[in-house]
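Heads up, the thing below is written out as structure tokens.
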Amino acid sequence: MASARADDEHYFTARPASPDERREIGVELAGRPVVVETARGVFSAERLDPGTSVLLPLVPDEPAAGGDVLDLGCGWGPVALTLALRQPRRRVWAVDVNERALDLVRRNAQRLGVPVRAELPDAVPADVVFERVWSNPPIRVGKEALHELLLRWLPRLAPGGEAHLVVQRNLGADSLHRWLDERLPAVLPGASTERTASVKGFRVLTVRRG
């Protein structure tokens, strides 16, 4: 794998080398303005990423729904926080390899008064299955690493579960769709993938476990 560019450090690094300079930004999550903490060395530290902004409106209000849900590649936590605000009875997991990002998620969850379990991948118990997986996946890690990531987590969908992945069209959304169609049923019987949204150059791919 090629070495990481400085602006892609968050994709590859458990402990970013850039200074841990914290700042506050204002964003809208779950239909309300909030202030969150971000930092250098974390994905989209300056703003809400455009791909994530396509994904967030698809998170439904489900105040009575239970079960586990996952924000895969959580960054500072916009998806996980939205899940916790809109679906307060679910157990929300936020997973990232970047320890600075996980610290930010925990701090932001505390700031907003919602419970989120922010963990490194290996810290999520193997017996946990997810009703929903939400992800703005790290496309720039390269196809091999991306496929390995998805093959690790998508098979943990519960029966009837869904995963929603937002991918920029110009960064391979359609080729990823084809790969999911070809590869995923072998490890997740009955799985199917559908493009469920196309907005501002981004595709939302929804994987369903039959």
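In the structure tokens, the first chain shown is A, the next is B, and so on; residue numbers restart at 1 for each chain, and ligands run from 1 in the order shown.
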
Closest contacts (segment 16-103 of chain A/segment 139-157 of chain A, max 10 Å, only C-alpha atoms) as JSON lines:
```
{"residue": "A:Asp68", "atom": "CA", "partner": "A:Leu157", "partner_atom": "CA", "distance": 9.7}
{"residue": "A:Val69", "atom": "CA", "partner": "A:Leu157", "partner_atom": "CA", "distance": 9.3}
{"residue": "A:Leu70", "atom": "CA", "partner": "A:Trp153", "partner_atom": "CA", "distance": 9.4}
{"residue": "A:Leu72", "atom": "CA", "partner": "A:Trp153", "partner_atom": "CA", "distance": 8.4}
{"residue": "A:Gly73", "atom": "CA", "partner": "A:Leu149", "partner_atom": "CA", "distance": 9.8}
```

For the residues in the current selection, export C-alpha atoms as a PDB file, in the first residue's frame.
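This is the output file again-v3.pdb:
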```pdb
ATOM      1  CA  ASP A  68     -27.445  -2.699  17.845  1.00  0.00           C
ATOM      2  CA  VAL A  69     -26.438  -0.287  15.073  1.00  0.00           C
ATOM      3  CA  LEU A  70     -22.980   0.575  13.781  1.00  0.00           C
ATOM      4  CA  LEU A  72     -18.317   2.155  10.584  1.00  0.00           C
ATOM      5  CA  GLY A  73     -15.408   4.579  10.149  1.00  0.00           C
TER       6      GLY A  73
END
```

Just the residues within 9 Å of Leu48 of chain A, please, counting only C-alpha atoms, with nothing from its chain fewer than 6 positions along; format it as a PyMOL selection string.
-> chain A and resi 27-28+78

Got a sec: who's within 9 Å of Ala118 of chain A, counting only C-alpha atoms, leaving out chain neighbours fewer than 2 positions off, as an mmCIF file with N, CA and C atoms, in the first residue's frame?
```
data_model
loop_
_atom_site.group_PDB
_atom_site.id
_atom_site.type_symbol
_atom_site.label_atom_id
_atom_site.label_comp_id
_atom_site.auth_asym_id
_atom_site.auth_seq_id
_atom_site.Cartn_x
_atom_site.Cartn_y
_atom_site.Cartn_z
ATOM 1 N N CYS A 74 -16.122 6.051 11.915
ATOM 2 C CA CYS A 74 -16.991 7.081 12.491
ATOM 3 C C CYS A 74 -16.421 8.486 12.466
ATOM 4 N N GLY A 77 -17.810 11.530 14.592
ATOM 5 C CA GLY A 77 -19.062 10.975 15.064
ATOM 6 C C GLY A 77 -20.374 11.479 14.524
ATOM 7 N N ALA A 80 -22.899 8.451 14.115
ATOM 8 C CA ALA A 80 -23.208 7.830 15.401
ATOM 9 C C ALA A 80 -24.060 8.750 16.270
ATOM 10 N N VAL A 92 -25.784 2.127 20.119
ATOM 11 C CA VAL A 92 -25.036 2.688 19.000
ATOM 12 C C VAL A 92 -23.545 2.434 19.208
ATOM 13 N N TRP A 93 -22.933 1.799 18.205
ATOM 14 C CA TRP A 93 -21.490 1.562 18.196
ATOM 15 C C TRP A 93 -20.853 2.482 17.165
ATOM 16 N N ALA A 94 -19.724 3.069 17.510
ATOM 17 C CA ALA A 94 -18.921 3.877 16.595
ATOM 18 C C ALA A 94 -17.536 3.256 16.532
ATOM 19 N N VAL A 95 -17.120 2.841 15.351
ATOM 20 C CA VAL A 95 -15.866 2.102 15.193
ATOM 21 C C VAL A 95 -14.928 2.869 14.275
ATOM 22 N N ASP A 96 -13.676 2.967 14.690
ATOM 23 C CA ASP A 96 -12.647 3.619 13.874
ATOM 24 C C ASP A 96 -11.297 3.089 14.333
ATOM 25 N N ALA A 101 -10.070 10.090 16.933
ATOM 26 C CA ALA A 101 -11.473 10.167 16.504
ATOM 27 C C ALA A 101 -12.393 9.575 17.566
ATOM 28 N N LEU A 102 -12.015 8.436 18.123
ATOM 29 C CA LEU A 102 -12.856 7.799 19.129
ATOM 30 C C LEU A 102 -12.985 8.667 20.374
ATOM 31 N N ASP A 103 -11.913 9.328 20.759
ATOM 32 C CA ASP A 103 -11.999 10.245 21.897
ATOM 33 C C ASP A 103 -12.972 11.374 21.598
ATOM 34 N N VAL A 105 -15.553 11.265 19.542
ATOM 35 C CA VAL A 105 -16.915 10.736 19.578
ATOM 36 C C VAL A 105 -17.422 10.670 21.010
ATOM 37 N N ARG A 106 -16.597 10.161 21.906
ATOM 38 C CA ARG A 106 -17.015 10.052 23.312
ATOM 39 C C ARG A 106 -17.304 11.435 23.904
ATOM 40 N N VAL A 116 -23.061 6.533 23.304
ATOM 41 C CA VAL A 116 -22.438 5.940 22.121
ATOM 42 C C VAL A 116 -21.242 5.134 22.587
ATOM 43 N N LEU A 120 -12.302 0.732 19.179
ATOM 44 C CA LEU A 120 -11.464 0.174 18.126
ATOM 45 C C LEU A 120 -12.119 -1.101 17.595
#
```
